[in-house]
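Q: Just passing along the structure, written as structure tokens.
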Amino acid sequence: MKKVSLILICLLTAVLCRAATYNVRDYGAKGDGKCLDSKYINIAIAKAEEQGGGTVILPAGTYLCGSIHLDNNIELRLEAGARIVATADRAAYDKSEVFDGPQYQDGGHTFFHNSLIWADGKVNVAVTGRGIIDGSALTKRDTEKAGIVQGGSIGQADKAIALKNCKNIAIEGITITKGGHFAIIITGCERGYINNVTIDTNRDGIDIDCCRFVNVSGCLINTPNDDALVIKSSYALQRPVASENINIYGCTVTGYKLGTLLSGEKIPEAVNWVCGRIKLGTESNGGYRNITITGCTMEYSSGLAFEEVDQGRMENITVSNITMNHVHHYPIYITTGCRNRGPKERTDVSYGGNISINNVCALDCDSLCGIICTGMPQHPLRNISLSDIRIEYRGGGKPWTLGKVYREQGTNYPEPRWAGPTPAYGLYARHVDGLVLRNVVFSLLRPDGREAIVTDDVTNMSVDGKSL
């Protein structure tokens, strides 16, 4: 009797599983790389949603696609050998949604419905599997002659995956190549994870904007021309919304030439304006809090950048166990500023505080900048802790000229490259209240004419337990 019952349970489970899966081939998709398959994929998704949800499966094949609409309780699964290829036909993409009111952020952050795969206001959405999303036909530009909308933003086809105002999201296992302006952007989303995703792309890798309770783990992201993994808090939701309770762990970001991560060649890209890096900002209207970054590796990329310049609060940030090699421009950059890209009536002042960075090993770092910690006059960074840090610089910097002034952040775009060399090769701190250094060691591959550490308007500083 028990054996019969077990068989019945197994059969019932199998039936339920079959009922919850929808093969796109059954709904008209060809997977031949010639016919436009997004129409049939959307039919399969709509059918699954009608039945309460399920897994929409793309078996091995090449699926030429315009916009794919994720829906409630839908998992879009790309099986091994499946490849979604973005079509060059802009008519196959949905039009950008209407955005009322001032646009304080660029078009990539403003519009979502113009993407290859998108969802807006949905619950329980996922993109999973071992397949590939090829966005070679997506635009990586901020503006495009075809389909310009308000503010000079892109009309169609600038993101591989875009999720807005969704809850319970998952992106796992897939590979994205040439993902457009953003390979993955999630905005206003709550509860979710991005796990074991590989990205080799021509602009940003993963952007997490105005989100909370999000985990990013085990991802490999190559972005030779822009940022790899970014947390932002733009004005895309037409109000300041913090990004909070976000964990990033076990990820690797690189700056190899486009495509050479996936090909296995791993050819370093020449130093760009920025390359790779894990970053908070620049869009920072709502600020960031309760952010953890740990166990990550960075290769041929810029370093860690934490930027609060749009009147939000950047606080409770913990970074640990980071390794870097061949670092462009700077290893660690913490700053506040008053770009204030938002409503003029706001009176908030950008704030940064309670930031702890420990157990960092960085080799072959650019001589342009050391560690940078800069607040604003009368509005210092507060409670910055750097501990157990080993940084090897290339050296070769020229002595700092007497009377020369390193520019204040002010309203400038917060990129150290445009500010020029820092006064110190190891650490430059200005407008900081509460700076703690414990077991921080700098070394040089060749002599450098600057001091190792230079401070300006720094109070309550201690080095290895001794107050200065």
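Each chain in the structure tokens gets a letter, A, B and so on, in the order shown; residues start at 1 in every chain, and ligands are counted from 1 in the order they appear.
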Write out as a VMD selection string the set of residues from stretch 230-378 of chain A that DSSP, computed on the backbone, places in strand (DSSP E).
A: chain A and resid 230 to 233 243 to 249 252 to 254 276 to 284 288 to 294 297 to 308 313 to 336 351 to 365 371 to 374
Q: For stretch 409-416 of chain A, find every residue with an atom within 6 Å (counting only C-alpha atoms), except residues of its own chain fewer than 2 positions away, and show them as a list in words.
A: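 My reading of the contact set: Gly337, Cys338, Arg339, Trp418 and Ala419 of chain A.
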Q: Any idea what's packed within 6 Å of A:Ile208, counting only C-alpha atoms, ignoring anything in its chain fewer than 5 positions away? Could you give it as a list in words?
A: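 The residues that qualify are Ile186, Ile231 and Lys232 of chain A.
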Q: Give me the residues of stretch 150-210 of chain A that have any atom at most 9 Å from an atom of stretch 128-135 of chain A; for each, the nearest atom pair and the distance in Å, rounded to one decimal. Use only C-alpha atoms, sort by chain and number, and format it as JSON lines.
A:
```
{"residue": "A:Ala157", "atom": "CA", "partner": "A:Gly135", "partner_atom": "CA", "distance": 9.0}
{"residue": "A:Asp158", "atom": "CA", "partner": "A:Gly135", "partner_atom": "CA", "distance": 8.9}
{"residue": "A:Lys159", "atom": "CA", "partner": "A:Gly135", "partner_atom": "CA", "distance": 8.1}
{"residue": "A:Ala160", "atom": "CA", "partner": "A:Gly135", "partner_atom": "CA", "distance": 6.3}
{"residue": "A:Ala170", "atom": "CA", "partner": "A:Thr128", "partner_atom": "CA", "distance": 7.5}
{"residue": "A:Ile171", "atom": "CA", "partner": "A:Thr128", "partner_atom": "CA", "distance": 5.6}
{"residue": "A:Glu172", "atom": "CA", "partner": "A:Thr128", "partner_atom": "CA", "distance": 4.7}
{"residue": "A:Gly173", "atom": "CA", "partner": "A:Gly129", "partner_atom": "CA", "distance": 5.2}
{"residue": "A:Ile174", "atom": "CA", "partner": "A:Arg130", "partner_atom": "CA", "distance": 5.1}
{"residue": "A:Thr175", "atom": "CA", "partner": "A:Ile132", "partner_atom": "CA", "distance": 4.7}
{"residue": "A:Ile176", "atom": "CA", "partner": "A:Ile133", "partner_atom": "CA", "distance": 4.8}
{"residue": "A:Thr177", "atom": "CA", "partner": "A:Asp134", "partner_atom": "CA", "distance": 5.1}
{"residue": "A:Lys178", "atom": "CA", "partner": "A:Gly135", "partner_atom": "CA", "distance": 5.0}
{"residue": "A:Gly179", "atom": "CA", "partner": "A:Gly135", "partner_atom": "CA", "distance": 4.8}
{"residue": "A:Gly180", "atom": "CA", "partner": "A:Gly135", "partner_atom": "CA", "distance": 6.4}
{"residue": "A:Ala183", "atom": "CA", "partner": "A:Gly135", "partner_atom": "CA", "distance": 8.3}
{"residue": "A:Thr201", "atom": "CA", "partner": "A:Gly135", "partner_atom": "CA", "distance": 8.8}
```
Q: Taking N, CA and C atoms for each residue, export the selection above as a tab-separated table (two decimals), in the first residue's frame.
A:
```tsv
chain	number	residue	atom	x	y	z
A	157	ALA	N	15.74	49.52	-27.34
A	157	ALA	CA	16.82	48.56	-27.42
A	157	ALA	C	18.13	49.02	-26.81
A	158	ASP	N	18.12	49.33	-25.50
A	158	ASP	CA	19.39	49.72	-24.87
A	158	ASP	C	19.73	48.90	-23.63
A	159	LYS	N	18.92	47.88	-23.29
A	159	LYS	CA	19.21	47.07	-22.11
A	159	LYS	C	18.85	45.61	-22.41
A	160	ALA	N	19.65	44.69	-21.86
A	160	ALA	CA	19.35	43.27	-22.05
A	160	ALA	C	18.23	42.82	-21.12
A	170	ALA	N	14.73	36.85	-9.49
A	170	ALA	CA	15.91	35.99	-9.54
A	170	ALA	C	16.48	36.01	-10.95
A	171	ILE	N	17.80	36.20	-11.03
A	171	ILE	CA	18.53	36.06	-12.29
A	171	ILE	C	19.70	35.15	-11.98
A	172	GLU	N	19.74	33.99	-12.63
A	172	GLU	CA	20.71	32.99	-12.20
A	172	GLU	C	21.23	32.17	-13.38
A	173	GLY	N	22.56	32.01	-13.40
A	173	GLY	CA	23.19	31.04	-14.28
A	173	GLY	C	23.46	31.49	-15.70
A	174	ILE	N	22.74	32.50	-16.18
A	174	ILE	CA	22.83	32.87	-17.59
A	174	ILE	C	24.13	33.60	-17.91
A	175	THR	N	24.41	33.73	-19.20
A	175	THR	CA	25.53	34.52	-19.70
A	175	THR	C	24.98	35.62	-20.60
A	176	ILE	N	25.51	36.83	-20.44
A	176	ILE	CA	25.11	37.96	-21.28
A	176	ILE	C	26.35	38.50	-21.98
A	177	THR	N	26.25	38.65	-23.30
A	177	THR	CA	27.33	39.27	-24.05
A	177	THR	C	26.80	40.51	-24.74
A	178	LYS	N	27.56	41.60	-24.64
A	178	LYS	CA	27.19	42.88	-25.26
A	178	LYS	C	25.76	43.26	-24.90
A	179	GLY	N	25.58	43.60	-23.64
A	179	GLY	CA	24.24	43.85	-23.10
A	179	GLY	C	23.69	45.24	-23.30
A	180	GLY	N	24.34	46.08	-24.11
A	180	GLY	CA	23.84	47.44	-24.32
A	180	GLY	C	24.25	48.36	-23.19
A	183	ALA	N	23.61	45.68	-19.06
A	183	ALA	CA	23.31	44.25	-19.25
A	183	ALA	C	22.16	43.84	-18.36
A	201	THR	N	30.51	42.61	-21.47
A	201	THR	CA	29.65	43.60	-22.09
A	201	THR	C	30.35	44.91	-22.39
```
Q: Would you mind reading off the distance between atom CA of A:Asp433 and atom CA of A:Glu315, one decimal, in Å?
A: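 Taking atom CA of A:Asp433 and atom CA of A:Glu315, their separation equals 14.1 Å.
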Q: Could you work out how far atom CA of A:Thr336 lies from atom CA of A:Asp227, giving the answer in Å with one decimal?
A: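 Atom CA of A:Thr336 lies at a distance of 18.9 Å from atom CA of A:Asp227.
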Q: In Å, with one decimal, what is the gap from atom CA of A:Trp273 to atom CA of A:Asp364?
A: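 That distance, rounded to one decimal, is 18.0 Å.
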Q: If you run DSSP on the backbone here, which positions in stretch 236-399 of chain A get alpha helix (DSSP H)? Please write them as a ChimeraX atom specification.
A: /A:260-263
Q: Extract, using only C-alpha atoms, all DNA, RNA and protein residues at most 8 Å from stretch 43-51 of chain A, discarding same-chain residues fewer than 5 positions from it, and format them as a list in words.
A: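 Skipping anything fewer than 5 positions along the chain leaves Ala20, Thr21, Tyr22, Asn23, Val24, Tyr27, Val56, His69, Leu70, Asp71, Asn72, Asn73 and Ile74 of chain A.
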Q: Would you mind telling me which residue in A:Gly81, A:Gly188, A:Gly303, A:Pro399 lies nearest to A:Ala228 when using only C-alpha atoms?
A: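 For A:Ala228, the nearest of the given residues is A:Gly303.
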Q: Excluding A:Asp226 and its own-chain neighbours fewer than 3 positions away, which residues fall within 6 Å of it when counting only C-alpha atoms? Please give them as number ranges by chain.
A: A: 203-204, 223, 274-275
Q: With N, CA and C atoms kept, could you save the residues just selected as a CSV table (one decimal), in the first residue's frame?
A:
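Dumped everything to part.csv:
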```
chain,number,residue,atom,x,y,z
A,203,ARG,N,29.1,48.1,-21.9
A,203,ARG,CA,28.8,49.3,-20.9
A,203,ARG,C,28.7,48.7,-19.5
A,204,ASP,N,27.8,49.1,-18.7
A,204,ASP,CA,27.6,48.6,-17.4
A,204,ASP,C,27.2,47.1,-17.4
A,223,THR,N,33.8,44.4,-17.9
A,223,THR,CA,33.3,45.6,-18.5
A,223,THR,C,34.5,46.5,-18.8
A,274,VAL,N,37.2,54.7,-17.3
A,274,VAL,CA,36.9,53.8,-16.2
A,274,VAL,C,36.8,52.4,-16.7
A,275,CYS,N,37.1,51.4,-15.9
A,275,CYS,CA,37.2,50.0,-16.4
A,275,CYS,C,36.9,49.1,-15.3
```
Q: With only C-alpha atoms as the counted atoms, please give the residues lying no more than 10 Å from stretch 263-270 of chain A, apart from itself and same-chain residues fewer than 3 positions off, as a PyMOL selection string.
A: chain A and resi 200+222-225+254-260+273+275+299-301+326+328
Q: Can you tell me which residues surround A:Ile169 at a distance of at most 7 Å, considering only C-alpha atoms, apart from same-chain residues fewer than 4 positions away, and format the answer as an MDAnalysis selection string?
A: chainID A and resid 124:126 191:193
Q: Nearest to A:Thr335: which of A:Lys279, A:Lys122, A:Arg394, A:His181 is it, counting only C-alpha atoms?
A: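 Nearest candidate to A:Thr335 out of A:Lys279, A:Lys122, A:Arg394, A:His181: A:Lys279.
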